[in-house]
Amino acid sequence: MSVTNVLAIDCEMVASYNKSLLARVSIVNQHGNIILDEYVKPTSTVTDYRAFEDKKWKLENGIDFSLVKNKVANLIQGRILVGHSIHFDLEVLQLSHPESKRRDLAKYNSLQRNGQPVALKTLSKSYLGRDIQKTPDHDSVEDAKACMDIYLKLANEWEKNY
């Protein structure tokens with residue numbers, strides 16, 4: 001799959017006491033093709049598996065955090081990164097990315113209601129006519145694809161700001 005100039009990301013997390021840990025990261029290209037989809041071995045004791053209770057084995061057999069972090073850093077470098085509340089994804093990945101290269105659906109005025117972010121599930125239904133997150137365990141690939149598709153619908157207008 002080709003890495004395009006615009007990539008969409010979504011991360012799923014588990015908890016270690018009061019801290020979020022990366023459990024899964026998914027990145028898709030502009031065509032919706034999966035560029036990266038990895039389960040990540042927890043870096044400390046998991047106290048809440050959230051939606052991963054039935055997928056503990058995927059995490060225990062996941063890739064080391066440092067390897068995944070490096071893969072993601074290399075993929076997103078110099079590219080536009082699309083997502084919903086991207087700062088949470090970057091925080092759990094312990095990465096930074098220039099604001100000028102972020103396209104955050106949660107922060108884009110045209111997608112907000114009364115100045116507040118709208119849930120990705122709601123945006124997907126409104127803009128794409130697509131139901132996502134139908135079960136408690138979100139699919140990060142599905143979410144990343146929805147982010148990309150919403151961005152692409154608005155890209156011409158959005159990019160006038162850059």
# chains A, B, ... in the order shown; residues from 1 in each chain; ligands from 1
>>> closest_atom_pairs(of="segment 23-98 of chain A", to="segment 143-162 of chain A", cutoff="9 Å", atoms="only C-alpha atoms", output="tab-separated table")
residue	atom	partner	partner_atom	distance
A:Ser26	CA	A:Ala144	CA	6.8
A:Ile27	CA	A:Ala144	CA	6.5
A:Val28	CA	A:Ala144	CA	6.4
A:Asn29	CA	A:Met148	CA	7.9
A:Gln30	CA	A:Met148	CA	6.6
A:His31	CA	A:Met148	CA	8.5
A:Gly32	CA	A:Lys145	CA	5.5
A:Asn33	CA	A:Lys145	CA	8.3
A:Ile34	CA	A:Lys145	CA	8.8
A:Val82	CA	A:Met148	CA	6.5
A:Gly83	CA	A:Cys147	CA	5.5
A:His84	CA	A:Cys147	CA	6.8
>>> write_last_selection(atoms="N, CA, C and O atoms", output="PDB file, in the first residue's frame")
ATOM      1  N   SER A  26      -3.822   2.519  14.307  1.00  0.00           N
ATOM      2  CA  SER A  26      -4.139   2.256  12.900  1.00  0.00           C
ATOM      3  C   SER A  26      -3.940   3.527  12.094  1.00  0.00           C
ATOM      4  O   SER A  26      -4.330   4.616  12.532  1.00  0.00           O
ATOM      5  N   ILE A  27      -3.331   3.368  10.928  1.00  0.00           N
ATOM      6  CA  ILE A  27      -3.111   4.486  10.009  1.00  0.00           C
ATOM      7  C   ILE A  27      -3.562   4.043   8.625  1.00  0.00           C
ATOM      8  O   ILE A  27      -3.208   2.952   8.175  1.00  0.00           O
ATOM      9  N   VAL A  28      -4.353   4.905   7.975  1.00  0.00           N
ATOM     10  CA  VAL A  28      -4.794   4.627   6.603  1.00  0.00           C
ATOM     11  C   VAL A  28      -4.349   5.768   5.699  1.00  0.00           C
ATOM     12  O   VAL A  28      -4.136   6.895   6.152  1.00  0.00           O
ATOM     13  N   ASN A  29      -4.225   5.459   4.402  1.00  0.00           N
ATOM     14  CA  ASN A  29      -3.848   6.494   3.443  1.00  0.00           C
ATOM     15  C   ASN A  29      -5.102   7.162   2.869  1.00  0.00           C
ATOM     16  O   ASN A  29      -6.228   6.856   3.278  1.00  0.00           O
ATOM     17  N   GLN A  30      -4.911   8.058   1.915  1.00  0.00           N
ATOM     18  CA  GLN A  30      -6.021   8.813   1.337  1.00  0.00           C
ATOM     19  C   GLN A  30      -7.038   7.936   0.627  1.00  0.00           C
ATOM     20  O   GLN A  30      -8.166   8.355   0.408  1.00  0.00           O
ATOM     21  N   HIS A  31      -6.639   6.735   0.260  1.00  0.00           N
ATOM     22  CA  HIS A  31      -7.539   5.813  -0.441  1.00  0.00           C
ATOM     23  C   HIS A  31      -8.224   4.854   0.528  1.00  0.00           C
ATOM     24  O   HIS A  31      -8.963   3.963   0.106  1.00  0.00           O
ATOM     25  N   GLY A  32      -7.960   5.025   1.819  1.00  0.00           N
ATOM     26  CA  GLY A  32      -8.558   4.160   2.825  1.00  0.00           C
ATOM     27  C   GLY A  32      -7.822   2.847   3.016  1.00  0.00           C
ATOM     28  O   GLY A  32      -8.297   1.969   3.738  1.00  0.00           O
ATOM     29  N   ASN A  33      -6.668   2.716   2.382  1.00  0.00           N
ATOM     30  CA  ASN A  33      -5.874   1.497   2.533  1.00  0.00           C
ATOM     31  C   ASN A  33      -5.097   1.535   3.845  1.00  0.00           C
ATOM     32  O   ASN A  33      -4.547   2.574   4.222  1.00  0.00           O
ATOM     33  N   ILE A  34      -5.031   0.403   4.504  1.00  0.00           N
ATOM     34  CA  ILE A  34      -4.321   0.305   5.777  1.00  0.00           C
ATOM     35  C   ILE A  34      -2.813   0.358   5.534  1.00  0.00           C
ATOM     36  O   ILE A  34      -2.263  -0.455   4.799  1.00  0.00           O
ATOM     37  N   VAL A  82      -4.540  13.371   9.777  1.00  0.00           N
ATOM     38  CA  VAL A  82      -5.969  13.575  10.012  1.00  0.00           C
ATOM     39  C   VAL A  82      -6.412  12.664  11.150  1.00  0.00           C
ATOM     40  O   VAL A  82      -5.952  11.527  11.263  1.00  0.00           O
ATOM     41  N   GLY A  83      -7.319  13.171  11.980  1.00  0.00           N
ATOM     42  CA  GLY A  83      -7.871  12.349  13.044  1.00  0.00           C
ATOM     43  C   GLY A  83      -8.928  13.107  13.818  1.00  0.00           C
ATOM     44  O   GLY A  83      -9.296  14.231  13.455  1.00  0.00           O
ATOM     45  N   HIS A  84      -9.412  12.496  14.856  1.00  0.00           N
ATOM     46  CA  HIS A  84     -10.404  13.113  15.736  1.00  0.00           C
ATOM     47  C   HIS A  84      -9.777  13.194  17.119  1.00  0.00           C
ATOM     48  O   HIS A  84      -9.460  12.167  17.709  1.00  0.00           O
TER      49      HIS A  84
END
>>> residues_around(residues="Leu93 of chain A", least_positions_apart="6", cutoff="12 Å", atoms="only C-alpha atoms", output="JSON, numbers by chain")
{"A": [9, 10, 11, 12, 13, 20, 21, 22, 23, 24, 25, 26, 40, 43, 64, 65, 66, 67, 68, 69, 70, 71, 72, 73, 86, 87]}
>>> write_last_selection(atoms="N, CA and C atoms", output="PDB file, in the first residue's frame")
ATOM      1  N   ILE A   9      -5.146   8.755  11.339  1.00  0.00           N
ATOM      2  CA  ILE A   9      -4.706   7.918  12.461  1.00  0.00           C
ATOM      3  C   ILE A   9      -5.826   7.771  13.479  1.00  0.00           C
ATOM      4  N   ASP A  10      -5.857   6.622  14.117  1.00  0.00           N
ATOM      5  CA  ASP A  10      -6.700   6.436  15.294  1.00  0.00           C
ATOM      6  C   ASP A  10      -6.000   5.447  16.212  1.00  0.00           C
ATOM      7  N   CYS A  11      -6.037   5.757  17.502  1.00  0.00           N
ATOM      8  CA  CYS A  11      -5.444   4.892  18.514  1.00  0.00           C
ATOM      9  C   CYS A  11      -6.523   4.418  19.476  1.00  0.00           C
ATOM     10  N   GLU A  12      -6.366   3.208  19.955  1.00  0.00           N
ATOM     11  CA  GLU A  12      -7.209   2.675  21.023  1.00  0.00           C
ATOM     12  C   GLU A  12      -6.304   2.502  22.234  1.00  0.00           C
ATOM     13  N   MET A  13      -6.892   2.689  23.407  1.00  0.00           N
ATOM     14  CA  MET A  13      -6.080   2.709  24.618  1.00  0.00           C
ATOM     15  C   MET A  13      -6.657   1.822  25.710  1.00  0.00           C
ATOM     16  N   SER A  20      -3.305   6.531  30.431  1.00  0.00           N
ATOM     17  CA  SER A  20      -3.652   5.772  29.229  1.00  0.00           C
ATOM     18  C   SER A  20      -2.402   5.165  28.612  1.00  0.00           C
ATOM     19  N   LEU A  21      -2.554   3.933  28.137  1.00  0.00           N
ATOM     20  CA  LEU A  21      -1.484   3.232  27.432  1.00  0.00           C
ATOM     21  C   LEU A  21      -1.974   2.881  26.032  1.00  0.00           C
ATOM     22  N   LEU A  22      -1.090   2.940  25.065  1.00  0.00           N
ATOM     23  CA  LEU A  22      -1.428   2.565  23.700  1.00  0.00           C
ATOM     24  C   LEU A  22      -1.722   1.075  23.622  1.00  0.00           C
ATOM     25  N   ALA A  23      -2.861   0.730  23.021  1.00  0.00           N
ATOM     26  CA  ALA A  23      -3.219  -0.672  22.830  1.00  0.00           C
ATOM     27  C   ALA A  23      -3.189  -1.047  21.346  1.00  0.00           C
ATOM     28  N   ARG A  24      -3.621  -0.108  20.515  1.00  0.00           N
ATOM     29  CA  ARG A  24      -3.656  -0.371  19.075  1.00  0.00           C
ATOM     30  C   ARG A  24      -3.552   0.961  18.355  1.00  0.00           C
ATOM     31  N   VAL A  25      -2.831   0.962  17.259  1.00  0.00           N
ATOM     32  CA  VAL A  25      -2.736   2.150  16.413  1.00  0.00           C
ATOM     33  C   VAL A  25      -2.990   1.729  14.968  1.00  0.00           C
ATOM     34  N   SER A  26      -3.822   2.519  14.307  1.00  0.00           N
ATOM     35  CA  SER A  26      -4.139   2.256  12.900  1.00  0.00           C
ATOM     36  C   SER A  26      -3.940   3.527  12.094  1.00  0.00           C
ATOM     37  N   VAL A  40      -0.276  -3.300  20.517  1.00  0.00           N
ATOM     38  CA  VAL A  40       0.939  -2.908  21.222  1.00  0.00           C
ATOM     39  C   VAL A  40       0.987  -3.554  22.601  1.00  0.00           C
ATOM     40  N   THR A  43       3.125  -1.228  28.314  1.00  0.00           N
ATOM     41  CA  THR A  43       4.415  -0.862  28.903  1.00  0.00           C
ATOM     42  C   THR A  43       4.366  -0.891  30.427  1.00  0.00           C
ATOM     43  N   ASP A  64       6.391  -4.265  20.581  1.00  0.00           N
ATOM     44  CA  ASP A  64       6.938  -3.361  21.594  1.00  0.00           C
ATOM     45  C   ASP A  64       6.601  -1.920  21.249  1.00  0.00           C
ATOM     46  N   PHE A  65       6.233  -1.168  22.280  1.00  0.00           N
ATOM     47  CA  PHE A  65       5.834   0.223  22.122  1.00  0.00           C
ATOM     48  C   PHE A  65       6.872   1.031  21.346  1.00  0.00           C
ATOM     49  N   SER A  66       8.138   0.885  21.688  1.00  0.00           N
ATOM     50  CA  SER A  66       9.179   1.702  21.049  1.00  0.00           C
ATOM     51  C   SER A  66       9.251   1.448  19.543  1.00  0.00           C
ATOM     52  N   LEU A  67       9.032   0.209  19.123  1.00  0.00           N
ATOM     53  CA  LEU A  67       9.044  -0.103  17.685  1.00  0.00           C
ATOM     54  C   LEU A  67       7.865   0.549  16.979  1.00  0.00           C
ATOM     55  N   VAL A  68       6.689   0.460  17.602  1.00  0.00           N
ATOM     56  CA  VAL A  68       5.493   1.056  17.016  1.00  0.00           C
ATOM     57  C   VAL A  68       5.638   2.575  16.963  1.00  0.00           C
ATOM     58  N   LYS A  69       6.129   3.157  18.034  1.00  0.00           N
ATOM     59  CA  LYS A  69       6.330   4.614  18.087  1.00  0.00           C
ATOM     60  C   LYS A  69       7.239   5.059  16.944  1.00  0.00           C
ATOM     61  N   ASN A  70       8.336   4.343  16.728  1.00  0.00           N
ATOM     62  CA  ASN A  70       9.261   4.698  15.652  1.00  0.00           C
ATOM     63  C   ASN A  70       8.624   4.538  14.275  1.00  0.00           C
ATOM     64  N   LYS A  71       7.848   3.462  14.092  1.00  0.00           N
ATOM     65  CA  LYS A  71       7.153   3.256  12.811  1.00  0.00           C
ATOM     66  C   LYS A  71       6.222   4.427  12.523  1.00  0.00           C
ATOM     67  N   VAL A  72       5.431   4.799  13.527  1.00  0.00           N
ATOM     68  CA  VAL A  72       4.476   5.892  13.352  1.00  0.00           C
ATOM     69  C   VAL A  72       5.221   7.199  13.081  1.00  0.00           C
ATOM     70  N   ALA A  73       6.251   7.483  13.856  1.00  0.00           N
ATOM     71  CA  ALA A  73       7.019   8.721  13.672  1.00  0.00           C
ATOM     72  C   ALA A  73       7.554   8.825  12.249  1.00  0.00           C
ATOM     73  N   ILE A  86      -6.725  14.424  17.771  1.00  0.00           N
ATOM     74  CA  ILE A  86      -5.381  13.879  17.492  1.00  0.00           C
ATOM     75  C   ILE A  86      -4.428  14.035  18.665  1.00  0.00           C
ATOM     76  N   HIS A  87      -4.600  15.078  19.449  1.00  0.00           N
ATOM     77  CA  HIS A  87      -3.666  15.297  20.562  1.00  0.00           C
ATOM     78  C   HIS A  87      -3.647  14.100  21.513  1.00  0.00           C
TER      79      HIS A  87
END
>>> atom_distance(atom1="atom CA of Lys58 of chain A", atom2="atom CA of Pro42 of chain A")
10.5 Å
>>> atom_distance(atom1="atom CA of Asp104 of chain A", atom2="atom CA of Ser140 of chain A")
15.7 Å
>>> atom_distance(atom1="atom CA of Leu81 of chain A", atom2="atom CA of Ser100 of chain A")
9.6 Å
>>> residues_around(residues="Trp57 of chain A", least_positions_apart="5", cutoff="10 Å", atoms="only C-alpha atoms", output="tab-separated table (two decimals) with C-alpha atoms, in the first residue's frame")
chain	number	residue	atom	x	y	z
A	39	TYR	CA	-1.53	-4.12	18.62
A	41	LYS	CA	2.36	-4.72	24.21
A	52	PHE	CA	-9.84	-4.98	25.00
A	62	GLY	CA	1.69	-7.19	20.53
>>> closest_residue(among="A:Asn18, A:Ser85, A:Ser44, A:Ser2", to="Gln116 of chain A", atoms="only C-alpha atoms")
A:Ser85
>>> select_by_dssp(residues="segment 70-143 of chain A", states="strand (DSSP E)", output="list in words")
Ile80, Leu81, Val82, Gly83, Arg102, Arg103 and Asp104 of chain A
>>> select_by_dssp(residues="segment 88-145 of chain A", states="helix (DSSP H, G or I)", output="VMD selection string")
chain A and resid 88 to 93 99 to 101 109 to 111 120 to 128 140 to 145
>>> closest_residue(among="A:Arg50, A:Lys121, A:Lys19, A:Arg79", to="Thr4 of chain A", atoms="only C-alpha atoms")
A:Arg79
